[in-house]
Amino acid sequence: MRQLVGHLVVDAADRALGAHLARARADGYRLNINLLGEAVLGEREAASRVRRTIDLVGRPDVDYVSIKVSSLVSQISTWDTPGTLARVRRRLRPLYRAALEHGAFVNLDMEEYRDLELTLEVFTAILGEPEFASLEAGIVLQAYLPDAPAAFERLVAFATERVDAGGAPIKVRLVKGANLAMERVEADLHGWQQAPHVTKADTDATYVRILDRALTPEVARVARIGVAGHNLYHLALAHLLATRRGVTGAMDVEMLQGMAPAASRAVRDTVGSVLLYTPVVARGDFDVAISYLVRRLEENAAPENYLHQALTPGGETEAEARFLASIEEAATAPTAPRRDGTRPAPAPESVLVSFANAPDSDPAVTWVREAAEAALMAEPDLAVTAPELTSTAQVDAAVERARSLAGAWGTLPGRERALVLADVAERIEARRMDLLAVMAHEAGKTVAEADPEVSEAVDFARYYARAAAELGNGAGAEGGSSLEPWPVTLVTPPWNFPVAIAAGGVLAALAAGSAVVMKPSPSATRCGELVADLVRDALAGAGFDPDLLQVVRVPENEVGRHLIAHDGVDQVVLTGALETARLFAGWRVDRPGGPRVYAETSGKNAIIVTPSADLDLAVADVARSAFGHAGQKCSAASLVILVGSVGRSRRFHDQLLDSVRSLRVGVPDDLGTGMGPVVEPPSGKLLRVLTRLDRGESWALEPRQLTTQEIVGTWGSGAARWAGRLWTPGIRSGVRPGSWFHRTECFGPVLGVMRAETLEEAIEWQNAVAFGLTGGLHSLDPDEIALWLDWVEVGNAYLNRGITGAVVQRQPFGGWKGSVMGPGAKAGGPHYVPQLTRVAPHPGGSSGSSGAGSESLREAAEQMLAGTDVTNLPAEENTLRYRPVPRLLVRLSEHGSVADLEQVLAGARVLGVPEVRISLDRVHADARSGVGSLAVVVEDENELAARLPRLGDVRVRWLGGSGESAPPALWRAALAVEVGAGATIIDAECGSDARAELHRLVREQAVSRTRHRYGHLHP
C-alpha cells in the first residue's frame, strides 16, 4: 500500500521529508504540509499533534502548514461552541506564535460541517488578538456548502476591519469539498438534510460565485484567495479573472500532491507557481492515511468529477458544458443553509401507515444551541405533583378507576387510539427543550444524552400509533385468532431513561387498549410526570378521560407491594434490575395466568476487538459505549475483550487511556460536559467497583470522586448538589474469566479489560454471563463477523459501531437470558404492542389446524431466521432476525390438543431448535409414539414443577384447553430457576396458522452493522 500511494502521502521522517521538500522546490512547487496521525481521541494525542506541527514550522524548509480544529483538542462539543472555542484558542496560540517567529503560514483546515461555525469563530477570534495582528494566516471554505458565500462575506468583513486597523490580510483557501460521503452518512443516520449541495452543479456554481467575489481589488486588498482544485477550467477562469483585474498577487493556485501531476506541471508553467497540499505521515502510522486516501480517491473517481471526465471518452465535452453552466448559475445557486434545525411535522394520518424516525436536534445550528442553553439555565420546577398513595385503599381506588375506564378504551377501533398517540408525538416534540432541562436537572443527563431520548419518545408515540392502527378493533394478528386488550397495565419506568422508556411503556399499553397506571422512578419522578402530562393532555384533547393514564407514587413497603401484586393489575411493564423483575414476579406468581411481568432488565455487555479491526474506530466506540451517561445504561459496555495482538497493542492501550482520561466530567447543565453524574452517591456494587480491585486486576485508570470544593470551584455554589455523584471514569485491567467483575453488572463508569488469545475464546467469555442484552464486535474480517453472529448470545448485536443508543424500528431493544422476563418481544419492534394483548379464546376450543403446508412453514422459518431490514439506510444495516430458542420443553396438559403438540413440533423442526423435550400428561401418554426420538416424560403438573428448576434456562411451551392457563405451581417453579430471569413459560392458545406459532419458539435479535468506512459504502 505504501508503494502504491507513496506519491500521494509523504513520509514524515526527517530525511525523507527533507528530500521531498528539496525536490519540490527544485521543480518550482511550494508545499502545504498537513501532518496526519492517529485519530485525535484524547488530549495527549491532540497536544502531540500540535507539538509536532510546531516542530514542522520550525524547520527551515517548511513555510506552510495546515491543521484542522478537530486535531487541536479532543473534546469538541458542538453543543458548547464557547467552551470549545476557548480550549482551541489555548491550544492554537503556541502554533501561531511559532509561525510568527519563523515566518511560516498556518492554514486552518475544514472537514465536517459541524465544525464550520467553530472554525470560523476560532479563526476570527485568535487573529483578532493584538498579539497576532501582524500574522497572515488562512482558513478553508468548502464550496459544496451553500453556507460558504455568507461565510466568505463574514471573513471579508473581518479582514477589512483588521487591515484597516493596521493588521495583516488573511487568506481563504477555496475548495469544493472532499467530505461529501461522510456528510451524507451523518445526515441519513440523524434524519437531517445533508449539509452540502445536492448537486455538483450547485457546488461548481458556488465555487465560481466566490471566485468572482474574491478576485476583485476590494477583496484582494484584505484577503488572499487560494484557488484549490484540479478542474482546469475553473483554474483557468481564476487565472484570467485575476490577470484582467490586476490581482494576481493575491491569488495562489493550489493542487493535491501526487494527484494528476501532469496537470499540476502545466498549471505551474502557466501561472508561475503551484502550492501542493501535501499530507505527511510517520512510517509507523501509515495506516491512518487510509481515510484521507479514501476521500481523495472516491472524490476523483466520481463521474461528475473533472479528473474522471478528463480520462473518459467524451468526458471533455461534459466537463466544458458543466463549466459553462457553473458560470451561468453562479448568481442563482442556493445560499440558504440546508440544515436549519426544523422538523416538518407529519400529518396524523400518515403516521398510521408509515414510520420515520424523529430527527435529533442539530447542534451545528446556532438557534438550536441557544435554545438548549436557555432551557438549561431556566432551572425547571422539579416539584412533583403525582399523588402519593399511602394506604392499600388508595391503591384499590386507583386500580378501580383504571378498570372503570378500560372497557370503553379497549373496544375503540385501533385507529382512534392511534390518532391520540400521533398527537402525543407532536406534544412531546413541542416540549423537547423543557424535557431536556428536566432530564438534566433531575436525572443528571447531559444535553447530548437527553436529546436523543426525546427523539426516542417521539418515535415510540408514532411507531406504536401505527401498531395500534394495525391491531384494528381486535382484529387477529395471530394467524386467525383475535387479540383483545388486558384492562389495566402497570408501567414502572427506570430513572436512567426517564422520558423515553416512560413514554414507550405507557404508549404501548395504550396502543394495545389498556388503561395505564404509571409508577415513575423516585429518582426521576418529575420526568415521568411531564411525559404523563403530555399524554393526558392528548387524551383530553381527543375527548377521552385523561385518567386512562394515572401517575402514582407509592412507598417501598406493603402499599407498594399491594400495587404490584394487585388482582386488578393485569400485567406489569418494567424496565429495571433483574432482581426487581424477579421480586415483582414473585409477588404475582400465584395469579391465574402467571405473573405477566414483561421486563427489560440488566446487562453485562462486552465489545470484542480483533486484530482486523479499525483500531481508531474501536477505541472511540468502546469509550462512548462505556461512559455515555456515566455508564448508567443497561446497554453500556462494561467489558472490552481484546483478541490476540490487540491485547498487546501499545497503541490501542494508549489511545483508550488517552480518550477516557480526557473525558470532561461535569455537571449536566454545562453544555461542555462529556460525562455527567451518577444517579446517586455510589453504594453496594457500584461503590465496590469504583474503589476495590479483585485478584490479578490493576487500575489502568483509577476512578476518583470529585470533591465538593472542586465542584463548587468550577461550577459555582449551585452545583454543590451534585457532590458525591461526580466521578472520573475508571479502567481496570487484568479482569479474569469467571471473576466477580466479569459476571456482575455494576452500572457505572468503570470498564474492565480482558485479553483473549482467539476470537472463539472471546465469544465464550462474552456469553459466559447471566445476561444477554447488548454486545459488539469490531472486526473488518467477514469470516470473523460470520462466526460472531452465529454464536453471540445477545438480543442487540452491534458490528463496528457503539453498542448503545438503540433507535426505534432500526434496532428494536431487548435482550436474552437474564436480560428479559417474558416472551421477549423487543421495545420499538413489530411484536411489542401485540405482546401486551391476549389471544381471545376460540368459541369451539383450540383449532389445532396447521393452516400451512410444510413447504410454506419452512419458507416462513427461513425468512425469520434470515431477518429483514426495513430501514434501507445505505450506511447502516439494521436487520431484525429470529434465532431458535436453545432449549424447548413442550408440555401437553390434560386438556390440551395433540394437534397443537404436532403444530409446535413442526415449528421447532423447521426452525432448527437444538434441544426439544416433551412433557405429556398421563391422558396423552399414547402421543409419545408420534414424536420420534425426542425425549418424553409422562407426568402431571406437580411432577413437572418439581423438576423444572433443574432444567435451567428453558422455553416452556404449555399447551392447554381453550382459555386455560398454566397452573400457578408451574409458574412458581419457573421462577425458582436460578439462571437469569428463570424459565420462560408461553401458555398462549395455538392459533389456526402454524406460522404464527413460530414466533413463540424464537428469540428476537437486532443486528446493526456499520456499512461504510469514512463514508465509502461497502459493496
# chains A, B, ... in the order shown; residues from 1 in each chain; ligands from 1
$ residues_around --residues "Ala266 in chain A" --least-positions-apart "2" --cutoff "12 Å" --atoms "only C-alpha atoms" --output "list of chain:residue names"
A:Gly28, A:His230, A:Leu232, A:Leu235, A:Ala236, A:Val253, A:Met255, A:Ala260, A:Pro261, A:Ala262, A:Ala263, A:Ser264, A:Arg268, A:Asp269, A:Thr270, A:Val271, A:Gly272, A:Ser273, A:Val274
$ select_by_dssp --residues "range 341-394 of chain A" --states "alpha helix (DSSP H)" --output "list in words"
Pro348, Glu349, Ser350, Val351, Thr366, Trp367, Val368, Arg369, Glu370, Ala371, Ala372, Glu373, Ala374, Ala375, Leu376, Met377, Thr392, Ala393 and Gln394 of chain A
$ write_last_selection --atoms "C-alpha atoms" --output "CSV table (one decimal), in the first residue's frame"
chain,number,residue,atom,x,y,z
A,348,PRO,CA,-51.5,12.4,11.7
A,349,GLU,CA,-53.0,10.1,9.1
A,350,SER,CA,-49.6,9.4,7.6
A,351,VAL,CA,-48.3,8.2,10.9
A,366,THR,CA,-27.0,28.3,16.2
A,367,TRP,CA,-30.6,28.7,17.3
A,368,VAL,CA,-30.7,25.1,18.4
A,369,ARG,CA,-27.7,25.5,20.7
A,370,GLU,CA,-29.1,28.8,22.1
A,371,ALA,CA,-32.4,27.1,22.8
A,372,ALA,CA,-30.8,24.3,24.7
A,373,GLU,CA,-28.6,26.7,26.7
A,374,ALA,CA,-31.6,28.8,27.6
A,375,ALA,CA,-33.6,25.7,28.7
A,376,LEU,CA,-30.8,24.5,31.0
A,377,MET,CA,-30.3,27.9,32.5
A,392,THR,CA,-53.9,-0.1,50.3
A,393,ALA,CA,-57.3,1.5,50.0
A,394,GLN,CA,-55.9,4.3,47.9
$ closest_residue --among "A:Arg661, A:Arg582, A:His562, A:Lys604" --to "Val769 in chain A" --atoms "only C-alpha atoms"
A:Lys604
$ residues_around --residues "Glu680 in chain A" --least-positions-apart "5" --cutoff "12 Å" --atoms "only C-alpha atoms" --output "CSV table (one decimal) with N, CA and C atoms, in the first residue's frame"
chain,number,residue,atom,x,y,z
A,442,GLU,N,-32.9,16.9,37.0
A,442,GLU,CA,-33.4,15.9,37.9
A,442,GLU,C,-32.6,14.6,37.7
A,443,ALA,N,-32.4,14.1,36.5
A,443,ALA,CA,-31.8,12.8,36.3
A,443,ALA,C,-30.3,12.9,36.0
A,444,GLY,N,-29.8,14.1,35.8
A,444,GLY,CA,-28.4,14.3,35.6
A,444,GLY,C,-27.9,13.9,34.2
A,495,TRP,N,-35.0,5.2,36.1
A,495,TRP,CA,-34.5,6.6,36.3
A,495,TRP,C,-33.5,6.9,35.2
A,496,ASN,N,-32.9,5.9,34.5
A,496,ASN,CA,-31.8,6.3,33.6
A,496,ASN,C,-32.3,6.7,32.2
A,522,PRO,N,-38.6,7.0,41.7
A,522,PRO,CA,-38.4,8.0,42.7
A,522,PRO,C,-37.3,9.0,42.4
A,523,SER,N,-36.3,8.5,41.6
A,523,SER,CA,-35.1,9.4,41.3
A,523,SER,C,-35.4,10.2,40.0
A,524,ALA,N,-36.5,10.0,39.3
A,524,ALA,CA,-36.8,10.8,38.1
A,524,ALA,C,-38.3,11.0,38.0
A,630,ALA,N,-22.4,8.3,32.1
A,630,ALA,CA,-21.7,7.7,33.2
A,630,ALA,C,-21.8,6.2,33.4
A,632,GLN,N,-24.3,4.4,33.0
A,632,GLN,CA,-25.6,4.0,33.6
A,632,GLN,C,-26.7,3.7,32.6
A,686,LEU,N,-21.7,-0.7,43.0
A,686,LEU,CA,-21.1,0.4,42.3
A,686,LEU,C,-19.9,0.9,43.1
A,687,LEU,N,-20.1,1.1,44.4
A,687,LEU,CA,-19.0,1.6,45.2
A,687,LEU,C,-17.9,0.6,45.2
A,721,ARG,N,-25.0,20.4,44.8
A,721,ARG,CA,-26.0,19.3,44.9
A,721,ARG,C,-25.5,18.1,44.2
A,722,TRP,N,-24.5,18.2,43.3
A,722,TRP,CA,-24.0,17.1,42.6
A,722,TRP,C,-22.8,16.4,43.4
A,723,ALA,N,-22.5,16.9,44.5
A,723,ALA,CA,-21.4,16.4,45.3
A,723,ALA,C,-21.7,14.9,45.7
A,724,GLY,N,-20.7,14.1,45.6
A,724,GLY,CA,-20.8,12.7,45.8
A,724,GLY,C,-21.2,11.9,44.6
A,725,ARG,N,-21.6,12.6,43.5
A,725,ARG,CA,-22.1,11.9,42.4
A,725,ARG,C,-21.3,12.1,41.1
A,726,LEU,N,-20.2,12.9,41.2
A,726,LEU,CA,-19.3,13.1,40.1
A,726,LEU,C,-18.1,12.3,40.3
A,727,TRP,N,-17.8,11.4,39.4
A,727,TRP,CA,-16.6,10.5,39.5
A,727,TRP,C,-15.9,10.6,38.1
A,747,PHE,N,-23.2,-1.1,36.7
A,747,PHE,CA,-24.0,0.1,36.3
A,747,PHE,C,-23.3,1.4,36.7
A,748,GLY,N,-22.1,1.6,36.2
A,748,GLY,CA,-21.4,2.8,36.5
A,748,GLY,C,-20.2,3.0,35.6
$ residues_around --residues "Pro387 in chain A" --least-positions-apart "6" --cutoff "8 Å" --atoms "only C-alpha atoms" --output "ChimeraX atom specification"
/A:551-553
$ residues_around --residues "Gly696 in chain A" --least-positions-apart "5" --cutoff "12 Å" --atoms "only C-alpha atoms" --output "ChimeraX atom specification"
/A:732-737,739-741,753-754
$ write_last_selection --atoms "N, CA and C atoms" --output "compact mmCIF listing (two decimals), in the first residue's frame"
# COMPACT_ATOMS: atom_id res chain seq x y z
N ARG A 732 -10.19 -0.89 34.55
CA ARG A 732 -9.49 -1.92 35.33
C ARG A 732 -8.98 -2.99 34.37
N SER A 733 -7.71 -3.26 34.47
CA SER A 733 -7.04 -4.21 33.59
C SER A 733 -6.91 -5.55 34.29
N GLY A 734 -6.75 -6.60 33.51
CA GLY A 734 -6.50 -7.92 34.06
C GLY A 734 -7.73 -8.61 34.61
N VAL A 735 -8.91 -8.26 34.10
CA VAL A 735 -10.13 -8.94 34.56
C VAL A 735 -10.09 -10.40 34.10
N ARG A 736 -10.26 -11.30 35.04
CA ARG A 736 -10.12 -12.73 34.75
C ARG A 736 -11.47 -13.35 34.39
N PRO A 737 -11.47 -14.34 33.52
CA PRO A 737 -12.71 -15.06 33.22
C PRO A 737 -13.31 -15.67 34.48
N SER A 739 -14.44 -14.08 37.03
CA SER A 739 -14.27 -13.24 38.21
C SER A 739 -15.56 -12.46 38.51
N TRP A 740 -15.56 -11.83 39.68
CA TRP A 740 -16.74 -11.06 40.10
C TRP A 740 -17.07 -9.98 39.08
N PHE A 741 -16.08 -9.22 38.64
CA PHE A 741 -16.38 -8.14 37.71
C PHE A 741 -16.78 -8.67 36.34
N VAL A 753 -11.03 -4.68 31.27
CA VAL A 753 -10.31 -5.14 30.09
C VAL A 753 -9.93 -6.61 30.28
N MET A 754 -10.33 -7.43 29.31
CA MET A 754 -9.95 -8.84 29.28
C MET A 754 -9.14 -9.10 28.01
$ residues_around --residues "Val447 in chain A" --least-positions-apart "5" --cutoff "12 Å" --atoms "only C-alpha atoms" --output "PyMOL selection string"
chain A and resi 77-80+360-363+368-369+371-376+432-441+452-454+628-629+667-676
$ closest_residue --among "A:Ser514, A:Ser1008, A:Ser326, A:Ser779" --to "Val833 in chain A" --atoms "only C-alpha atoms"
A:Ser514
$ residues_around --residues "range 15-20 of chain A" --least-positions-apart "6" --cutoff "10 Å" --atoms "only C-alpha atoms" --output "compact mmCIF listing (two decimals) with N, CA and C atoms, in the first residue's frame"
# COMPACT_ATOMS: atom_id res chain seq x y z
N ALA A 26 12.89 22.45 -6.17
CA ALA A 26 13.65 22.43 -7.41
C ALA A 26 12.73 22.35 -8.63
N LEU A 31 4.97 23.73 -0.91
CA LEU A 31 4.18 22.68 -0.30
C LEU A 31 3.43 23.19 0.93
N ARG A 59 11.17 24.08 11.05
CA ARG A 59 12.14 23.65 10.05
C ARG A 59 12.38 24.77 9.05
N PRO A 60 13.60 24.93 8.63
CA PRO A 60 13.87 25.99 7.65
C PRO A 60 13.30 25.71 6.27
N ASP A 61 12.99 24.42 5.99
CA ASP A 61 12.48 24.10 4.66
C ASP A 61 10.95 23.99 4.63
N VAL A 62 10.27 24.33 5.73
CA VAL A 62 8.81 24.32 5.79
C VAL A 62 8.32 25.73 6.05
N VAL A 280 1.62 14.40 5.20
CA VAL A 280 2.80 13.66 5.62
C VAL A 280 2.41 12.80 6.82
N VAL A 281 3.02 11.63 6.92
CA VAL A 281 2.66 10.70 7.98
C VAL A 281 3.88 9.91 8.40
$ atom_distance --atom1 "CA of Thr203 in chain A" --atom2 "CA of Ala336 in chain A"
13.1 Å
